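Undergrad: Could you have a look at this structure, given as structure tokens, before my questions?
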Amino acid sequence: MHWILSAVINLCIAAVACYSSFQNNIPNGNNVDHPCQPNVKWQGVGHLKKEGGGPRNPFGLDVAANNMLHWTNPLLSNSLVDGSGMKLYFTPNLRPNDAGIFITGQIYLNIPSGVESHQEEGECPSDCTNQLFTGNIHVFSALNHMHYLGSEMKVQLHRNGTKIADLTDDLIYVYDSPQLHEFSPAIEVMPGDSITTKCTYKSTSRSGTTLNGQSTFDEMCFGLLYYYPVANLAGAWTCISFKGISQCEINSGNVDGCNIFDFFNFGNQVSQNRYDTIINNCPIFGAGTYNCMAAQMSIRNDPCMAPDVYDLIINKNNGWYTAVAFHTAMLTHNRCFMFYDLSVEENEQFYNSIVDNCEPWGSCLEQCDSAIDAQMNHACMRHGTYEHLRSYAVINQNIQWIKYFAAVASCKNM
């Protein structure tokens, strides 16, 4: 069942051709029925020629256009056989309406390890359905899709701020037993309605963060709505959020005042200047510097550097060298090296700025609060890094740095 769901979900997200080189990677791939002759096997999966390659047959054309099939084989066993398959039917007797699948959900997932419940949510907002829909559609069935961490999921329809219907509501979600929700009569969805997709995960079995991905060891959060008439969506197949950013915002290219498609367009002087500011001041590898921190602070009011917008831009340009270089340089501010070495001038200045203005184990002085605030963008003050350094100082009885952490604690609970 999973390969069918994966094929549907990837309808508008990705597509691959069933080339002959895939023959031995498809379970039971050498036992495919001939597309035109009964009781004959076809060796060239998806191709007219039995040896594969060249023009594709109807199966190959449809797979190339619409589907992405994948199987999970973590142990790389060569003895597995999958008897599932797909048959395509053609008829001159068309039904009154063409049906389609509309996919909602959330593409950005960041599921922490070891938690009983973690929720991610995506929305297809009213302004988006107004853009995508050319008329009312009728949802006659719906299906949830997550992977093995999924525990609960629902897709809800809202109109003018009021919930109209639960399109899906799996209080107990089981990946291997997906539940199809069917409606008779079909539920009407109108332009201006909003659709929310809520996915809940249980990650007590994981030791690391789980992200969005196609493997069953990654996760997904998609609602599949089966609807008619397909013409009323005017070619729109998905309405999937990235964090709190709707697909319509992304498609427009203008997100909260940032032209996301222009970020790495160096024909644009603003984009070139932004890139040069970071690349010329932040080492791609190595410790953060005050020049780097100043460079990053200088562009912090740029609308493209708003956290969610910036993450979207990097996600859309994932793997491109220029984007990787820029993002790696930006991550310099996450690095905190040689923190305890006061022979490093920057570290000494950082240390003195707090200790000289605060009263360790005392009350909060007015100048202490502002001194701490001035250093909050320092890499070593980041949540997680700071706690680690404080524990290290205590364990190693580093009195000089214990004094520093006590000075901070006089005003801030970090």
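As shown in the structure tokens, the chain order sets the letters A, B, ...; within each chain, residues go from 1, and ligands are also counted from 1 in the order they appear.
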May I have the residues within 10 Å of range 112-121 of chain A as an NGL selection string, using only C-alpha atoms and disregarding those fewer than 4 positions away in the same chain?

TA: :A and (105-108 or 149-155 or 196-211 or 220-222 or 241-244)

Undergrad: For range 270-277 of chain A, please output as a list in words all residues within 9 Å (counting only C-alpha atoms; exclusion window: fewer than 6 positions along the same chain).

TA: Asp262, Phe263, Phe264, Cys292, Ala295, Gln296, Ser298, Ile299 and Phe326 of chain A

Undergrad: Mind writing the picked residues with N, CA and C atoms as a PDB file, in the first residue's frame?

TA:
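Written out: out-v7.pdb:
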```pdb
ATOM      1  N   ASP A 262      15.018  36.344  -5.896  1.00  0.00           N
ATOM      2  CA  ASP A 262      16.072  37.299  -6.233  1.00  0.00           C
ATOM      3  C   ASP A 262      17.237  37.251  -5.246  1.00  0.00           C
ATOM      4  N   PHE A 263      17.131  36.392  -4.225  1.00  0.00           N
ATOM      5  CA  PHE A 263      18.107  36.411  -3.138  1.00  0.00           C
ATOM      6  C   PHE A 263      19.523  36.154  -3.645  1.00  0.00           C
ATOM      7  N   PHE A 264      19.674  35.213  -4.563  1.00  0.00           N
ATOM      8  CA  PHE A 264      20.995  34.901  -5.112  1.00  0.00           C
ATOM      9  C   PHE A 264      21.149  35.394  -6.549  1.00  0.00           C
ATOM     10  N   CYS A 292      32.368  39.194  11.875  1.00  0.00           N
ATOM     11  CA  CYS A 292      31.262  38.392  11.347  1.00  0.00           C
ATOM     12  C   CYS A 292      29.964  38.742  12.066  1.00  0.00           C
ATOM     13  N   ALA A 295      28.763  41.950  10.814  1.00  0.00           N
ATOM     14  CA  ALA A 295      28.230  41.822   9.456  1.00  0.00           C
ATOM     15  C   ALA A 295      26.812  41.260   9.490  1.00  0.00           C
ATOM     16  N   GLN A 296      26.605  40.245  10.303  1.00  0.00           N
ATOM     17  CA  GLN A 296      25.281  39.645  10.392  1.00  0.00           C
ATOM     18  C   GLN A 296      24.278  40.595  11.033  1.00  0.00           C
ATOM     19  N   SER A 298      24.357  43.729  10.698  1.00  0.00           N
ATOM     20  CA  SER A 298      24.085  44.814   9.746  1.00  0.00           C
ATOM     21  C   SER A 298      22.975  44.461   8.760  1.00  0.00           C
ATOM     22  N   ILE A 299      22.697  43.163   8.578  1.00  0.00           N
ATOM     23  CA  ILE A 299      21.646  42.782   7.632  1.00  0.00           C
ATOM     24  C   ILE A 299      20.444  42.168   8.350  1.00  0.00           C
ATOM     25  N   PHE A 326      27.030  30.559   1.388  1.00  0.00           N
ATOM     26  CA  PHE A 326      26.432  31.647   2.159  1.00  0.00           C
ATOM     27  C   PHE A 326      25.896  31.136   3.488  1.00  0.00           C
TER      28      PHE A 326
END
```

Undergrad: Run DSSP on the backbone of this structure and report the residues of range 126-259 of chain A it assigns to alpha helix (DSSP H), as a PyMOL selection string.

TA: chain A and resi 126-132+247-252

Undergrad: How would the residues just picked look written out with N, CA and C atoms as a PDB file, in the first residue's frame?

TA:
```pdb
ATOM      1  N   SER A 126      -7.441  30.995   3.299  1.00  0.00           N
ATOM      2  CA  SER A 126      -8.554  31.423   2.453  1.00  0.00           C
ATOM      3  C   SER A 126      -8.082  32.191   1.220  1.00  0.00           C
ATOM      4  N   ASP A 127      -7.061  33.050   1.386  1.00  0.00           N
ATOM      5  CA  ASP A 127      -6.595  33.801   0.214  1.00  0.00           C
ATOM      6  C   ASP A 127      -5.964  32.873  -0.819  1.00  0.00           C
ATOM      7  N   CYS A 128      -5.469  31.740  -0.351  1.00  0.00           N
ATOM      8  CA  CYS A 128      -4.852  30.779  -1.260  1.00  0.00           C
ATOM      9  C   CYS A 128      -5.916  30.005  -2.039  1.00  0.00           C
ATOM     10  N   THR A 129      -6.974  29.551  -1.360  1.00  0.00           N
ATOM     11  CA  THR A 129      -8.024  28.841  -2.095  1.00  0.00           C
ATOM     12  C   THR A 129      -8.726  29.797  -3.054  1.00  0.00           C
ATOM     13  N   ASN A 130      -8.792  31.075  -2.702  1.00  0.00           N
ATOM     14  CA  ASN A 130      -9.358  32.059  -3.631  1.00  0.00           C
ATOM     15  C   ASN A 130      -8.550  32.132  -4.914  1.00  0.00           C
ATOM     16  N   GLN A 131      -7.223  31.981  -4.784  1.00  0.00           N
ATOM     17  CA  GLN A 131      -6.360  32.034  -5.961  1.00  0.00           C
ATOM     18  C   GLN A 131      -6.390  30.737  -6.759  1.00  0.00           C
ATOM     19  N   LEU A 132      -6.408  29.608  -6.036  1.00  0.00           N
ATOM     20  CA  LEU A 132      -6.250  28.309  -6.687  1.00  0.00           C
ATOM     21  C   LEU A 132      -7.543  27.767  -7.281  1.00  0.00           C
ATOM     22  N   GLN A 247       1.754  28.231   0.365  1.00  0.00           N
ATOM     23  CA  GLN A 247       2.283  27.947  -0.963  1.00  0.00           C
ATOM     24  C   GLN A 247       2.023  29.096  -1.925  1.00  0.00           C
ATOM     25  N   CYS A 248       0.897  29.788  -1.748  1.00  0.00           N
ATOM     26  CA  CYS A 248       0.602  30.903  -2.646  1.00  0.00           C
ATOM     27  C   CYS A 248       1.596  32.043  -2.468  1.00  0.00           C
ATOM     28  N   GLU A 249       2.001  32.290  -1.223  1.00  0.00           N
ATOM     29  CA  GLU A 249       3.038  33.297  -0.981  1.00  0.00           C
ATOM     30  C   GLU A 249       4.333  32.882  -1.662  1.00  0.00           C
ATOM     31  N   ILE A 250       4.677  31.606  -1.510  1.00  0.00           N
ATOM     32  CA  ILE A 250       5.913  31.102  -2.116  1.00  0.00           C
ATOM     33  C   ILE A 250       5.857  31.227  -3.633  1.00  0.00           C
ATOM     34  N   ASN A 251       4.728  30.841  -4.209  1.00  0.00           N
ATOM     35  CA  ASN A 251       4.585  30.904  -5.674  1.00  0.00           C
ATOM     36  C   ASN A 251       4.679  32.335  -6.191  1.00  0.00           C
ATOM     37  N   SER A 252       4.215  33.294  -5.386  1.00  0.00           N
ATOM     38  CA  SER A 252       4.261  34.698  -5.812  1.00  0.00           C
ATOM     39  C   SER A 252       5.683  35.233  -5.847  1.00  0.00           C
TER      40      SER A 252
END
```

Undergrad: Out of A:Val230, A:Ile245, A:Cys304, A:Ile284, which residue has the shortest atom-to-atom distance to Phe261 in chain A when counting only C-alpha atoms?

TA: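 Counting only C-alpha atoms, the residue closest to Phe261 in chain A is A:Cys304.
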
Undergrad: Record the distance separating CA of Pro191 in chain A and CA of Asn144 in chain A, expressed in Å with one decimal.

TA: 22.4 Å

Undergrad: Go through A:His145, A:Lys412, A:Arg390, A:Arg300 and flag the residue nearest Cys368 in chain A, using only C-alpha atoms for the distances.

TA: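 For Cys368 in chain A, the nearest of the candidates is A:Lys412.
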
Undergrad: Determine, using only C-alpha atoms, which residues of range 167-250 of chain A have any atom at most 8 Å from an atom of range 79-98 of chain A, and tabulate each with its shortest atom pair and distance in Å to one decimal place, rows ordered by chain and then rising number, as a tab-separated table.

TA:
```
residue	atom	partner	partner_atom	distance
A:Tyr228	CA	A:Asp98	CA	6.1
A:Pro229	CA	A:Asn97	CA	5.4
A:Val230	CA	A:Asp98	CA	5.5
A:Ala231	CA	A:Asp98	CA	7.7
```

Undergrad: Taking N, CA and C atoms for each residue, export the selection above as a short mmCIF file (atom, residue, chain, number, x, y, z; two decimals), in the first residue's frame.

TA:
```cif
data_model
loop_
_atom_site.label_atom_id
_atom_site.label_comp_id
_atom_site.auth_asym_id
_atom_site.auth_seq_id
_atom_site.Cartn_x
_atom_site.Cartn_y
_atom_site.Cartn_z
N TYR A 228 -13.78 16.26 -7.11
CA TYR A 228 -14.20 16.55 -8.48
C TYR A 228 -14.95 17.89 -8.45
N PRO A 229 -15.06 18.60 -9.58
CA PRO A 229 -14.39 18.36 -10.87
C PRO A 229 -12.96 18.88 -10.85
N VAL A 230 -12.10 18.18 -11.51
CA VAL A 230 -10.69 18.55 -11.50
C VAL A 230 -10.47 19.91 -12.15
N ALA A 231 -11.35 20.30 -13.06
CA ALA A 231 -11.18 21.57 -13.78
C ALA A 231 -11.26 22.77 -12.86
#
```

Undergrad: What is the distance between CA of Asp170 in chain A and CA of Ser246 in chain A, in Å to one decimal?

TA: 24.0 Å

Undergrad: Between CA of Trp361 in chain A and CA of Ala409 in chain A, what is the spacing in Å?

TA: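 For CA of Ala409 in chain A relative to CA of Trp361 in chain A, the distance reads 7.7 Å.
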
Undergrad: Compare A:Ile260, A:Ile101, A:Ala371, A:Ile354 by their minimum atom-to-atom distance to Lys403 in chain A, counting only C-alpha atoms, and give me the closest one.

TA: A:Ile354

Undergrad: Calculated over only C-alpha atoms, which of the candidates A:Asp256, A:Glu387, A:Glu366, A:Asp311 has the smallest distance to Met330 in chain A?

TA: A:Asp311

Undergrad: Find the residues near Leu167 in chain A: any atom within 7 Å, counting only C-alpha atoms, skip ones fewer than 2 places away on the same chain, and give them as a list in words.

TA: Ala142, Val155, Gln156, Leu157, Ala165 and Asp169 of chain A

Undergrad: When DSSP works through the backbone of this structure, what residues of range 97-341 of chain A end up as strand (DSSP E), shown as a PyMOL selection string?

TA: chain A and resi 100-106+110-111+118-124+137-145+150-159+162-170+180-189+194-201+210-211+222-228+238-241+254-255+258-259
